[in-house]
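Data file: model26.pdb. Format and content: PDB, C-alpha atoms.
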ATOM      1  CA  MET A   1      76.286  93.181  75.272
ATOM      2  CA  GLY A   2      74.743  95.461  77.851
ATOM      3  CA  ASP A   3      77.694  95.075  80.224
ATOM      4  CA  ALA A   4      80.160  95.856  77.444
ATOM      5  CA  SER A   5      78.201  98.945  76.459
ATOM      6  CA  ALA A   6      78.021 100.114  80.071
ATOM      7  CA  GLY A   7      81.756  99.586  80.457
ATOM      8  CA  GLY A   8      82.386 101.663  77.358
ATOM      9  CA  ASP A   9      80.225 104.467  78.725
ATOM     10  CA  VAL A  10      82.258 104.487  81.953
ATOM     11  CA  ARG A  11      85.578 104.589  80.089
ATOM     12  CA  ARG A  12      84.429 107.434  77.872
ATOM     13  CA  PHE A  13      83.178 109.412  80.861
ATOM     14  CA  LEU A  14      86.389 108.886  82.836
ATOM     15  CA  ALA A  15      88.570 109.669  79.814
ATOM     16  CA  ALA A  16      87.249 113.226  79.845
ATOM     17  CA  ILE A  17      88.314 113.792  83.459
ATOM     18  CA  GLY A  18      91.851 114.722  84.498
ATOM     19  CA  VAL A  19      93.742 115.220  87.738
ATOM     20  CA  GLY A  20      93.210 118.789  88.903
ATOM     21  CA  ASP A  21      89.696 119.075  87.473
ATOM     22  CA  VAL A  22      86.825 120.022  89.762
ATOM     23  CA  CYS A  23      83.859 117.620  89.727
ATOM     24  CA  HIS A  24      80.400 118.084  91.195
ATOM     25  CA  GLY A  25      77.924 115.460  92.268
ATOM     26  CA  THR A  26      75.450 114.151  94.809
ATOM     27  CA  VAL A  27      76.350 112.085  97.877
ATOM     28  CA  VAL A  28      74.678 108.652  97.723
ATOM     29  CA  ALA A  29      76.435 106.860 100.595
ATOM     30  CA  VAL A  30      78.590 107.763 103.606
ATOM     31  CA  SER A  31      80.636 105.260 105.625
ATOM     32  CA  ARG A  32      83.860 105.109 107.586
ATOM     33  CA  SER A  33      85.699 104.089 104.438
ATOM     34  CA  GLY A  34      84.560 107.076 102.405
ATOM     35  CA  ILE A  35      81.858 109.018 100.607
ATOM     36  CA  GLN A  36      80.317 107.667  97.386
ATOM     37  CA  VAL A  37      79.351 110.354  94.894
ATOM     38  CA  LEU A  38      77.048 110.210  91.860
ATOM     39  CA  LEU A  39      78.930 112.525  89.537
ATOM     40  CA  ASP A  40      77.166 115.004  87.272
ATOM     41  CA  GLY A  41      77.039 113.651  83.751
ATOM     42  CA  PHE A  42      76.965 109.975  84.725
ATOM     43  CA  THR A  43      73.930 108.794  86.676
ATOM     44  CA  ASP A  44      74.174 105.019  86.183
ATOM     45  CA  ARG A  45      76.261 104.452  89.295
ATOM     46  CA  PRO A  46      78.502 106.426  91.673
ATOM     47  CA  LEU A  47      81.995 106.836  90.254
ATOM     48  CA  GLY A  48      83.269 109.463  92.675
ATOM     49  CA  THR A  49      84.920 108.633  96.014
ATOM     50  CA  VAL A  50      86.056 110.913  98.822
ATOM     51  CA  GLY A  51      88.404 109.163 101.247
ATOM     52  CA  PRO A  52      88.167 109.681 105.013
ATOM     53  CA  LEU A  53      91.312 111.827 104.950
ATOM     54  CA  GLU A  54      90.250 113.844 101.917
ATOM     55  CA  GLY A  55      86.996 115.221 103.265
ATOM     56  CA  SER A  56      88.186 118.191 105.248
ATOM     57  CA  TRP A  57      91.146 119.509 107.199
ATOM     58  CA  ARG A  58      88.768 121.352 109.534
ATOM     59  CA  ARG A  59      85.920 118.993 110.384
ATOM     60  CA  ARG A  60      85.382 115.411 111.474
ATOM     61  CA  PHE A  61      84.696 113.127 108.540
ATOM     62  CA  ALA A  62      81.226 112.333 109.899
ATOM     63  CA  ASP A  63      80.347 116.027 109.605
ATOM     64  CA  VAL A  64      81.638 116.525 106.063
ATOM     65  CA  ALA A  65      78.614 115.366 104.062
ATOM     66  CA  VAL A  66      75.253 113.593 104.269
ATOM     67  CA  VAL A  67      73.319 111.534 101.729
ATOM     68  CA  GLY A  68      71.580 113.757  99.208
ATOM     69  CA  GLU A  69      73.949 116.684  99.659
ATOM     70  CA  ARG A  70      75.573 118.354  96.670
ATOM     71  CA  ILE A  71      79.369 118.494  96.925
ATOM     72  CA  ALA A  72      82.396 119.477  94.862
ATOM     73  CA  GLY A  73      85.917 118.112  94.933
ATOM     74  CA  GLU A  74      89.187 118.343  93.066
ATOM     75  CA  VAL A  75      90.244 115.210  91.214
ATOM     76  CA  THR A  76      93.366 113.645  92.735
ATOM     77  CA  ALA A  77      93.318 110.367  90.777
ATOM     78  CA  VAL A  78      91.432 108.662  87.960
ATOM     79  CA  ASP A  79      91.506 104.938  87.221
ATOM     80  CA  GLU A  80      89.213 102.221  85.900
ATOM     81  CA  GLY A  81      87.357 102.156  89.214
ATOM     82  CA  GLY A  82      86.388 105.793  89.168
ATOM     83  CA  VAL A  83      87.442 109.218  90.373
ATOM     84  CA  ARG A  84      89.181 110.103  93.627
ATOM     85  CA  LEU A  85      88.056 113.480  94.934
ATOM     86  CA  SER A  86      89.359 115.874  97.566
ATOM     87  CA  MET A  87      86.839 118.168  99.206
ATOM     88  CA  ALA A  88      89.659 119.648 101.279
ATOM     89  CA  ALA A  89      91.182 121.090  98.106
ATOM     90  CA  ILE A  90      87.988 123.054  97.444
ATOM     91  CA  GLU A  91      87.653 124.042 101.085
ATOM     92  CA  ASN A  92      91.185 125.479 101.204
ATOM     93  CA  PRO A  93      92.017 126.466  97.611
ATOM     94  CA  GLU A  94      94.804 128.904  98.528
ATOM     95  CA  LEU A  95      96.683 126.323 100.625
ATOM     96  CA  TRP A  96      96.074 123.554  98.065
ATOM     97  CA  ALA A  97      97.395 125.748  95.226
ATOM     98  CA  PHE A  98     100.480 126.699  97.252
ATOM     99  CA  LEU A  99     101.326 123.081  98.044
ATOM    100  CA  LYS A 100     100.723 121.931  94.471
ATOM    101  CA  GLY A 101     103.140 124.595  93.262
ATOM    102  CA  LEU A 102     106.062 123.293  95.318
ATOM    103  CA  ARG A 103     108.698 121.113  93.654
ATOM    104  CA  PRO A 104     110.737 118.292  95.247
ATOM    105  CA  GLY A 105     114.196 119.494  96.151
ATOM    106  CA  GLU A 106     113.063 123.089  96.662
ATOM    107  CA  CYS A 107     114.440 124.816  99.772
ATOM    108  CA  LEU A 108     111.834 126.162 102.193
ATOM    109  CA  THR A 109     112.513 128.251 105.274
ATOM    110  CA  GLY A 110     110.444 128.712 108.392
ATOM    111  CA  THR A 111     110.205 128.527 112.161
ATOM    112  CA  VAL A 112     109.667 125.438 114.301
ATOM    113  CA  ALA A 113     106.089 125.877 115.535
ATOM    114  CA  ALA A 114     105.536 122.694 117.573
ATOM    115  CA  ILE A 115     107.290 119.468 118.506
ATOM    116  CA  GLU A 116     105.125 116.369 118.792
ATOM    117  CA  SER A 117     105.814 112.675 119.404
ATOM    118  CA  PHE A 118     105.167 111.982 115.714
ATOM    119  CA  GLY A 119     107.150 114.842 114.179
ATOM    120  CA  VAL A 120     107.850 118.563 114.001
ATOM    121  CA  PHE A 121     105.576 121.286 112.585
ATOM    122  CA  VAL A 122     107.188 124.197 110.765
ATOM    123  CA  ALA A 123     105.476 127.533 110.111
ATOM    124  CA  LEU A 124     106.724 128.393 106.625
ATOM    125  CA  ASP A 125     107.814 131.901 105.701
ATOM    126  CA  GLU A 126     105.802 131.746 102.486
ATOM    127  CA  GLY A 127     102.300 130.517 101.779
ATOM    128  CA  PRO A 128      99.077 130.555 103.800
ATOM    129  CA  GLU A 129      98.629 129.214 107.303
ATOM    130  CA  HIS A 130      97.200 125.766 107.913
ATOM    131  CA  PRO A 131      93.544 125.711 109.028
ATOM    132  CA  VAL A 132      94.206 123.019 111.649
ATOM    133  CA  PHE A 133      97.901 122.447 112.350
ATOM    134  CA  PRO A 134     100.488 124.830 113.852
ATOM    135  CA  GLY A 135     102.380 124.901 110.549
ATOM    136  CA  VAL A 136     102.072 123.832 106.931
ATOM    137  CA  GLY A 137     105.543 122.264 106.970
ATOM    138  CA  PHE A 138     106.058 118.905 108.677
ATOM    139  CA  ILE A 139     109.254 116.939 109.407
ATOM    140  CA  THR A 140     109.043 113.272 110.361
ATOM    141  CA  TYR A 141     111.604 112.004 112.868
ATOM    142  CA  PRO A 142     113.796 110.160 110.315
ATOM    143  CA  GLU A 143     114.170 113.398 108.340
ATOM    144  CA  LEU A 144     115.370 115.475 111.290
ATOM    145  CA  SER A 145     118.979 114.335 111.414
ATOM    146  CA  TRP A 146     121.482 111.856 109.997
ATOM    147  CA  ARG A 147     122.654 111.099 113.505
ATOM    148  CA  HIS A 148     120.910 109.095 116.207
ATOM    149  CA  PHE A 149     118.905 111.115 118.736
ATOM    150  CA  GLU A 150     116.534 110.310 121.574
ATOM    151  CA  THR A 151     113.933 113.072 121.137
ATOM    152  CA  ALA A 152     113.262 115.758 118.535
ATOM    153  CA  SER A 153     114.209 118.358 121.161
ATOM    154  CA  ASP A 154     117.782 117.088 120.854
ATOM    155  CA  VAL A 155     117.790 118.415 117.279
ATOM    156  CA  VAL A 156     115.451 121.423 117.187
ATOM    157  CA  GLU A 157     113.515 123.664 119.539
ATOM    158  CA  VAL A 158     110.322 125.680 119.210
ATOM    159  CA  GLY A 159     111.077 129.079 117.723
ATOM    160  CA  GLN A 160     114.209 127.904 115.916
ATOM    161  CA  ARG A 161     114.725 129.039 112.336
ATOM    162  CA  VAL A 162     115.235 126.133 109.897
ATOM    163  CA  SER A 163     115.920 125.607 106.197
ATOM    164  CA  CYS A 164     114.542 122.353 104.795
ATOM    165  CA  GLU A 165     114.238 120.499 101.518
ATOM    166  CA  PHE A 166     110.699 119.949 100.236
ATOM    167  CA  LEU A 167     110.000 116.236  99.734
ATOM    168  CA  GLN A 168     106.332 115.935  98.775
ATOM    169  CA  PHE A 169     102.825 117.322  99.086
ATOM    170  CA  ASP A 170     100.873 115.288 101.652
ATOM    171  CA  ASP A 171      97.383 115.911 100.294
ATOM    172  CA  TRP A 172      95.729 113.896 103.084
ATOM    173  CA  ASN A 173      96.822 116.349 105.751
ATOM    174  CA  GLY A 174      97.506 119.413 103.635
ATOM    175  CA  GLU A 175     101.180 119.452 104.588
ATOM    176  CA  ALA A 176     104.506 120.092 102.965
ATOM    177  CA  ARG A 177     106.663 117.138 103.975
ATOM    178  CA  LEU A 178     110.155 118.450 104.687
ATOM    179  CA  SER A 179     113.646 117.142 105.371
ATOM    180  CA  LEU A 180     116.040 118.962 107.659
ATOM    181  CA  ARG A 181     118.794 116.382 107.295
ATOM    182  CA  ALA A 182     118.809 116.740 103.493
ATOM    183  CA  MET A 183     120.287 120.214 103.939
ATOM    184  CA  GLN A 184     123.332 118.742 105.684
ATOM    185  CA  PRO A 185     126.064 116.467 104.295
ATOM    186  CA  ASP A 186     125.513 112.793 105.058
ATOM    187  CA  PRO A 187     128.206 111.977 107.658
ATOM    188  CA  PHE A 188     128.298 108.360 106.497
ATOM    189  CA  LEU A 189     129.201 109.353 102.942
ATOM    190  CA  VAL A 190     131.790 111.826 104.215
ATOM    191  CA  PHE A 191     133.288 109.040 106.328
ATOM    192  CA  ALA A 192     133.118 106.537 103.447
ATOM    193  CA  ASP A 193     135.112 108.894 101.222
ATOM    194  CA  GLY A 194     138.052 108.597 103.618
ATOM    195  CA  ILE A 195     138.314 104.829 104.041
ATOM    196  CA  VAL A 196     139.081 101.789 101.869
ATOM    197  CA  VAL A 197     138.341  98.082 102.133
ATOM    198  CA  GLY A 198     141.051  96.384 104.192
ATOM    199  CA  GLN A 199     141.737  99.455 106.320
ATOM    200  CA  ARG A 200     142.150  98.972 110.076
ATOM    201  CA  LEU A 201     139.949 101.009 112.407
ATOM    202  CA  SER A 202     139.483 101.266 116.147
ATOM    203  CA  GLY A 203     136.059 101.470 117.740
ATOM    204  CA  ARG A 204     133.795 100.789 120.688
ATOM    205  CA  VAL A 205     131.101  98.113 120.847
ATOM    206  CA  THR A 206     127.731  99.898 121.157
ATOM    207  CA  LYS A 207     125.206  97.086 120.803
ATOM    208  CA  LEU A 208     125.028  93.288 120.658
ATOM    209  CA  VAL A 209     122.467  91.505 118.486
ATOM    210  CA  PRO A 210     121.992  87.762 117.835
ATOM    211  CA  PHE A 211     123.869  87.969 114.529
ATOM    212  CA  GLY A 212     126.802  90.143 115.640
ATOM    213  CA  ALA A 213     127.907  93.407 117.192
ATOM    214  CA  PHE A 214     127.753  97.068 116.244
ATOM    215  CA  VAL A 215     130.965  99.029 116.615
ATOM    216  CA  GLU A 216     131.223 102.832 116.543
ATOM    217  CA  VAL A 217     134.345 103.669 114.533
ATOM    218  CA  ALA A 218     133.752 107.454 114.281
ATOM    219  CA  ASP A 219     131.370 110.005 115.746
ATOM    220  CA  GLY A 220     127.906 108.716 114.845
ATOM    221  CA  ILE A 221     129.277 106.089 112.444
ATOM    222  CA  GLU A 222     128.599 102.462 113.310
ATOM    223  CA  GLY A 223     129.586  99.305 111.482
ATOM    224  CA  MET A 224     128.416  95.722 111.852
ATOM    225  CA  VAL A 225     130.756  92.892 112.800
ATOM    226  CA  HIS A 226     128.938  89.719 111.818
ATOM    227  CA  LEU A 227     129.019  86.806 114.265
ATOM    228  CA  SER A 228     131.278  84.888 111.876
ATOM    229  CA  GLU A 229     133.762  87.788 111.878
ATOM    230  CA  LEU A 230     133.950  88.276 115.644
ATOM    231  CA  SER A 231     136.453  85.536 116.397
ATOM    232  CA  PRO A 232     138.922  83.205 114.613
ATOM    233  CA  VAL A 233     136.940  80.302 116.072
ATOM    234  CA  PRO A 234     133.152  79.801 115.759
ATOM    235  CA  VAL A 235     131.053  81.309 118.565
ATOM    236  CA  ALA A 236     127.381  80.797 119.412
ATOM    237  CA  ALA A 237     126.631  84.347 120.536
ATOM    238  CA  PRO A 238     128.468  87.695 120.381
ATOM    239  CA  GLU A 239     128.507  88.012 124.183
ATOM    240  CA  ASP A 240     130.781  84.962 124.249
ATOM    241  CA  VAL A 241     133.655  87.134 122.986
ATOM    242  CA  VAL A 242     132.732  90.842 123.385
ATOM    243  CA  ARG A 243     130.713  93.145 125.620
ATOM    244  CA  VAL A 244     129.162  96.582 125.141
ATOM    245  CA  GLY A 245     131.864  99.159 125.789
ATOM    246  CA  ASP A 246     134.781  96.986 124.641
ATOM    247  CA  GLU A 247     137.388  98.693 122.468
ATOM    248  CA  LEU A 248     138.114  96.694 119.295
ATOM    249  CA  THR A 249     140.425  96.842 116.316
ATOM    250  CA  VAL A 250     138.521  95.933 113.160
ATOM    251  CA  VAL A 251     139.081  95.753 109.413
ATOM    252  CA  VAL A 252     136.767  97.287 106.808
ATOM    253  CA  VAL A 253     135.189  94.460 104.791
ATOM    254  CA  ASP A 254     132.587  96.356 102.742
ATOM    255  CA  VAL A 255     131.175  99.864 102.344
ATOM    256  CA  ASP A 256     127.617 100.037 100.974
ATOM    257  CA  ARG A 257     127.084 103.711 100.198
ATOM    258  CA  GLN A 258     123.563 103.265  98.863
ATOM    259  CA  ARG A 259     122.235 101.504 101.956
ATOM    260  CA  ARG A 260     124.637 103.354 104.290
ATOM    261  CA  ARG A 261     126.062 100.148 105.723
ATOM    262  CA  LEU A 262     129.564  99.417 106.929
ATOM    263  CA  SER A 263     130.700  95.804 107.313
ATOM    264  CA  LEU A 264     133.626  95.101 109.626
ATOM    265  CA  SER A 265     135.724  92.141 110.735
ATOM    266  CA  ARG A 266     137.458  91.580 114.046
ATOM    267  CA  ARG A 267     138.691  88.179 112.944
ATOM    268  CA  GLN A 268     140.713  89.631 110.061
ATOM    269  CA  ALA A 269     142.262  92.209 112.356
TER     270      ALA A 269
END
Structure translated into structure tokens:
Amino acid sequence: MGDASAGGDVRRFLAAIGVGDVCHGTVVAVSRSGIQVLLDGFTDRPLGTVGPLEGSWRRRFADVAVVGERIAGEVTAVDEGGVRLSMAAIENPELWAFLKGLRPGECLTGTVAAIESFGVFVALDEGPEHPVFPGVGFITYPELSWRHFETASDVVEVGQRVSCEFLQFDDWNGEARLSLRAMQPDPFLVFADGIVVGQRLSGRVTKLVPFGAFVEVADGIEGMVHLSELSPVPVAAPEDVVRVGDELTVVVVDVDRQRRRLSLSRRQA
């Protein structure tokens, strides 16, 4: 009976809290996995949690809070287990409000501020500066270009002006995740609009894999010739019949626009 009553008290307390609210409480435990918070209004057990990436965009997590300290955080999630809080949102309210106000698909402009091995920072024309990073906007490598590239410097350079599509608010890092490639037509779809199944194409073998060979049939457009489609007779490995650099005539077997995959056959050609 006592457990059921306690569970009801928790549900009623949590039902009154919504995402975007600001909660206050007292830190009762600090570990690598997060900060446990005894929220004001419910003293039976700690229901608030601050994750290691939600403590601060300025300080190390170990320096964010100590046991017994009073803290405040914006609610980012509420479930049966409790309340997820972000202290970073309170620490940088102007940046948090700006990022929350962005909508997926919105076009943002800015200047490439830094190129790193994990992505590209963009200093946005609008909004506040980031307290830690060179720019509030961030582009991961897959979102830089539709085409294959070796390094980000092959696509952009520091100081370059860019227009990007806003994808999502990364509340762990306080970033606007952006896509540069979304502002350009997908070359695969453009290519797919001009071909039909059964059409003959010419291309160059670019890579051999255990299950077949990749053939470039247009600039930046590669299709897969499965091992079973490489030769009229069964072969054990693609290198038995083709080599990288070989020019082939192939037939279009399938065009998967959703997964951006092109299936080809040398045998049918």
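Take the PyMOL selection byres ((chain A and resi 195) around 12) and apply it to this file: it picks Phe188, Leu189, Val190, Phe191, Ala192, Asp193, Gly194, Val196, Val197, Gly198, Gln199, Arg200, Leu201, Val217, Ala218, Val251, Val252, Val253, Asp254, Val255, Arg257 and Leu262 of chain A.
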Could the residues in this selection be written to a file with C-alpha atoms, as a PDB file, keeping the file's coordinate frame?
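out_13.pdb, written as the output of this step:
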ATOM      1  CA  PHE A 188     128.298 108.360 106.497  1.00  0.00           C
ATOM      2  CA  LEU A 189     129.201 109.353 102.942  1.00  0.00           C
ATOM      3  CA  VAL A 190     131.790 111.826 104.215  1.00  0.00           C
ATOM      4  CA  PHE A 191     133.288 109.040 106.328  1.00  0.00           C
ATOM      5  CA  ALA A 192     133.118 106.537 103.447  1.00  0.00           C
ATOM      6  CA  ASP A 193     135.112 108.894 101.222  1.00  0.00           C
ATOM      7  CA  GLY A 194     138.052 108.597 103.618  1.00  0.00           C
ATOM      8  CA  VAL A 196     139.081 101.789 101.869  1.00  0.00           C
ATOM      9  CA  VAL A 197     138.341  98.082 102.133  1.00  0.00           C
ATOM     10  CA  GLY A 198     141.051  96.384 104.192  1.00  0.00           C
ATOM     11  CA  GLN A 199     141.737  99.455 106.320  1.00  0.00           C
ATOM     12  CA  ARG A 200     142.150  98.972 110.076  1.00  0.00           C
ATOM     13  CA  LEU A 201     139.949 101.009 112.407  1.00  0.00           C
ATOM     14  CA  VAL A 217     134.345 103.669 114.533  1.00  0.00           C
ATOM     15  CA  ALA A 218     133.752 107.454 114.281  1.00  0.00           C
ATOM     16  CA  VAL A 251     139.081  95.753 109.413  1.00  0.00           C
ATOM     17  CA  VAL A 252     136.767  97.287 106.808  1.00  0.00           C
ATOM     18  CA  VAL A 253     135.189  94.460 104.791  1.00  0.00           C
ATOM     19  CA  ASP A 254     132.587  96.356 102.742  1.00  0.00           C
ATOM     20  CA  VAL A 255     131.175  99.864 102.344  1.00  0.00           C
ATOM     21  CA  ARG A 257     127.084 103.711 100.198  1.00  0.00           C
ATOM     22  CA  LEU A 262     129.564  99.417 106.929  1.00  0.00           C
TER      23      LEU A 262
END
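Atom CA of Asp240 of chain A lies 13.8 Å from atom CA of Lys207 of chain A.
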Would you list the contacts of Ser33 of chain A as a PyMOL selection string, taking every protein, DNA or RNA residue within 12 Å and counting all atoms listed in the file, but skipping same-chain residues closer than 4 positions in sequence? chain A and resi 29+49-55+61-62
Selection result for the PyMOL selection byres ((chain A and resi 131-139) around 7) on this file, as number ranges by chain: A: 57-58, 113-114, 119-124, 129-130, 140-141, 143-144, 175-179
Write the selection just made, keeping C-alpha atoms, as a PDB file, keeping the file's coordinate frame?
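Ended up saving to out.pdb:
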ATOM      1  CA  TRP A  57      91.146 119.509 107.199  1.00  0.00           C
ATOM      2  CA  ARG A  58      88.768 121.352 109.534  1.00  0.00           C
ATOM      3  CA  ALA A 113     106.089 125.877 115.535  1.00  0.00           C
ATOM      4  CA  ALA A 114     105.536 122.694 117.573  1.00  0.00           C
ATOM      5  CA  GLY A 119     107.150 114.842 114.179  1.00  0.00           C
ATOM      6  CA  VAL A 120     107.850 118.563 114.001  1.00  0.00           C
ATOM      7  CA  PHE A 121     105.576 121.286 112.585  1.00  0.00           C
ATOM      8  CA  VAL A 122     107.188 124.197 110.765  1.00  0.00           C
ATOM      9  CA  ALA A 123     105.476 127.533 110.111  1.00  0.00           C
ATOM     10  CA  LEU A 124     106.724 128.393 106.625  1.00  0.00           C
ATOM     11  CA  GLU A 129      98.629 129.214 107.303  1.00  0.00           C
ATOM     12  CA  HIS A 130      97.200 125.766 107.913  1.00  0.00           C
ATOM     13  CA  THR A 140     109.043 113.272 110.361  1.00  0.00           C
ATOM     14  CA  TYR A 141     111.604 112.004 112.868  1.00  0.00           C
ATOM     15  CA  GLU A 143     114.170 113.398 108.340  1.00  0.00           C
ATOM     16  CA  LEU A 144     115.370 115.475 111.290  1.00  0.00           C
ATOM     17  CA  GLU A 175     101.180 119.452 104.588  1.00  0.00           C
ATOM     18  CA  ALA A 176     104.506 120.092 102.965  1.00  0.00           C
ATOM     19  CA  ARG A 177     106.663 117.138 103.975  1.00  0.00           C
ATOM     20  CA  LEU A 178     110.155 118.450 104.687  1.00  0.00           C
ATOM     21  CA  SER A 179     113.646 117.142 105.371  1.00  0.00           C
TER      22      SER A 179
END
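Applied to the shown file, the PyMOL selection byres ((chain A and resi 158) around 9) selects the residues Thr111, Val112, Ala113, Ala114, Ile115, Ser153, Val156, Glu157, Gly159, Gln160 and Arg161 of chain A.
Atom pair atom CA of Glu216 of chain A / atom CA of Val155 of chain A: separated by 20.6 Å.
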For the atom pair atom CA of Val235 of chain A and atom CA of His148 of chain A, what is the interatomic distance in Å to one decimal place? 29.7 Å
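Using only C-alpha atoms, the shortest contact distance between Leu248 of chain A and any of A:Gly203, A:Gly34, A:Gly220, A:Gly212 is found at A:Gly203.
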Distance cut-off 12 Å, centre (76.2, 113.8, 83.8) in file coordinates, counting only C-alpha atoms: which residues qualify? Return them as an MDAnalysis selection string. chainID A and resid 9:10 12:14 16 23:26 38:47
Counting all atoms listed in the file, find residues at most 9 Å from (96.8, 116.7, 98.5) (file frame) and give them as a list in words. Glu54, Thr76, Ser86, Ala88, Ala89, Trp96, Leu99, Lys100, Phe169, Asp170, Asp171, Trp172, Asn173, Gly174 and Glu175 of chain A
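Counting all atoms listed in the file, the residue from A:Ala65, A:Leu230, A:Ile17, A:Val37 that sits nearest to Val78 of chain A is A:Ile17.
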All residues 9 Å or closer to Trp146 of chain A, only C-alpha atoms, same chain fewer than 6 positions away omitted, as a ChimeraX atom specification: /A:181-182,184-188,220
Report as JSON, numbers by chain all protein, DNA and RNA residues lying within 9 Å of Val244 of chain A, evaluated on all atoms listed in the file, omitting residues in the same chain fewer than 2 positions from it. {"A": [204, 205, 206, 207, 208, 213, 239, 242, 246, 247]}
Could you save the residues just selected, with C-alpha atoms, as a short mmCIF file (atom, residue, chain, number, x, y, z; two decimals), in the frame of the given file?
data_model
loop_
_atom_site.label_atom_id
_atom_site.label_comp_id
_atom_site.auth_asym_id
_atom_site.auth_seq_id
_atom_site.Cartn_x
_atom_site.Cartn_y
_atom_site.Cartn_z
CA ARG A 204 133.79 100.79 120.69
CA VAL A 205 131.10 98.11 120.85
CA THR A 206 127.73 99.90 121.16
CA LYS A 207 125.21 97.09 120.80
CA LEU A 208 125.03 93.29 120.66
CA ALA A 213 127.91 93.41 117.19
CA GLU A 239 128.51 88.01 124.18
CA VAL A 242 132.73 90.84 123.38
CA ASP A 246 134.78 96.99 124.64
CA GLU A 247 137.39 98.69 122.47
#
Which residue, A:Thr249, A:Ser265, A:Ser231, A:Gln168, has the smallest gap to Arg103 of chain A when you use all atoms listed in the file? A:Gln168
So that I can check the surroundings of Thr109 of chain A, please list as a list in words every protein, DNA and RNA residue that reaches within 7 Å of it, counting only C-alpha atoms and ignoring chain neighbours fewer than 6 positions away. Leu124, Asp125, Val162, Ser163 and Cys164 of chain A
Take the residues from that selection and write them out as a PDB file, in the coordinates of the input, keeping C-alpha atoms.
ATOM      1  CA  LEU A 124     106.724 128.393 106.625  1.00  0.00           C
ATOM      2  CA  ASP A 125     107.814 131.901 105.701  1.00  0.00           C
ATOM      3  CA  VAL A 162     115.235 126.133 109.897  1.00  0.00           C
ATOM      4  CA  SER A 163     115.920 125.607 106.197  1.00  0.00           C
ATOM      5  CA  CYS A 164     114.542 122.353 104.795  1.00  0.00           C
TER       6      CYS A 164
END
List as a PDB file with C-alpha atoms, in the frame of the given file the protein and nucleic acid residues near His226 of chain A, meaning an atom at most 10 Å away when all atoms listed in the file are counted, but skip any in the same chain fewer than 2 places from it.
ATOM      1  CA  VAL A 209     122.467  91.505 118.486  1.00  0.00           C
ATOM      2  CA  PRO A 210     121.992  87.762 117.835  1.00  0.00           C
ATOM      3  CA  PHE A 211     123.869  87.969 114.529  1.00  0.00           C
ATOM      4  CA  GLY A 212     126.802  90.143 115.640  1.00  0.00           C
ATOM      5  CA  ALA A 213     127.907  93.407 117.192  1.00  0.00           C
ATOM      6  CA  PHE A 214     127.753  97.068 116.244  1.00  0.00           C
ATOM      7  CA  GLY A 223     129.586  99.305 111.482  1.00  0.00           C
ATOM      8  CA  MET A 224     128.416  95.722 111.852  1.00  0.00           C
ATOM      9  CA  SER A 228     131.278  84.888 111.876  1.00  0.00           C
ATOM     10  CA  GLU A 229     133.762  87.788 111.878  1.00  0.00           C
ATOM     11  CA  LEU A 230     133.950  88.276 115.644  1.00  0.00           C
ATOM     12  CA  SER A 231     136.453  85.536 116.397  1.00  0.00           C
ATOM     13  CA  PRO A 238     128.468  87.695 120.381  1.00  0.00           C
ATOM     14  CA  SER A 263     130.700  95.804 107.313  1.00  0.00           C
ATOM     15  CA  LEU A 264     133.626  95.101 109.626  1.00  0.00           C
ATOM     16  CA  SER A 265     135.724  92.141 110.735  1.00  0.00           C
ATOM     17  CA  ARG A 266     137.458  91.580 114.046  1.00  0.00           C
ATOM     18  CA  ARG A 267     138.691  88.179 112.944  1.00  0.00           C
TER      19      ARG A 267
END
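Here the question is which of A:Gly127, A:Pro234, A:Gly73, A:Gly101 gets nearest to Asp21 of chain A using only C-alpha atoms, and that residue is A:Gly73.
Among the candidates A:Ala15, A:Ala97, A:Val241, A:Val27, the one nearest to Glu80 of chain A when counting all atoms listed in the file is A:Ala15.
Closest approach to Arg60 of chain A among A:Arg32, A:Arg84, A:Arg11, A:Arg147 is made by A:Arg32 (distances from only C-alpha atoms).
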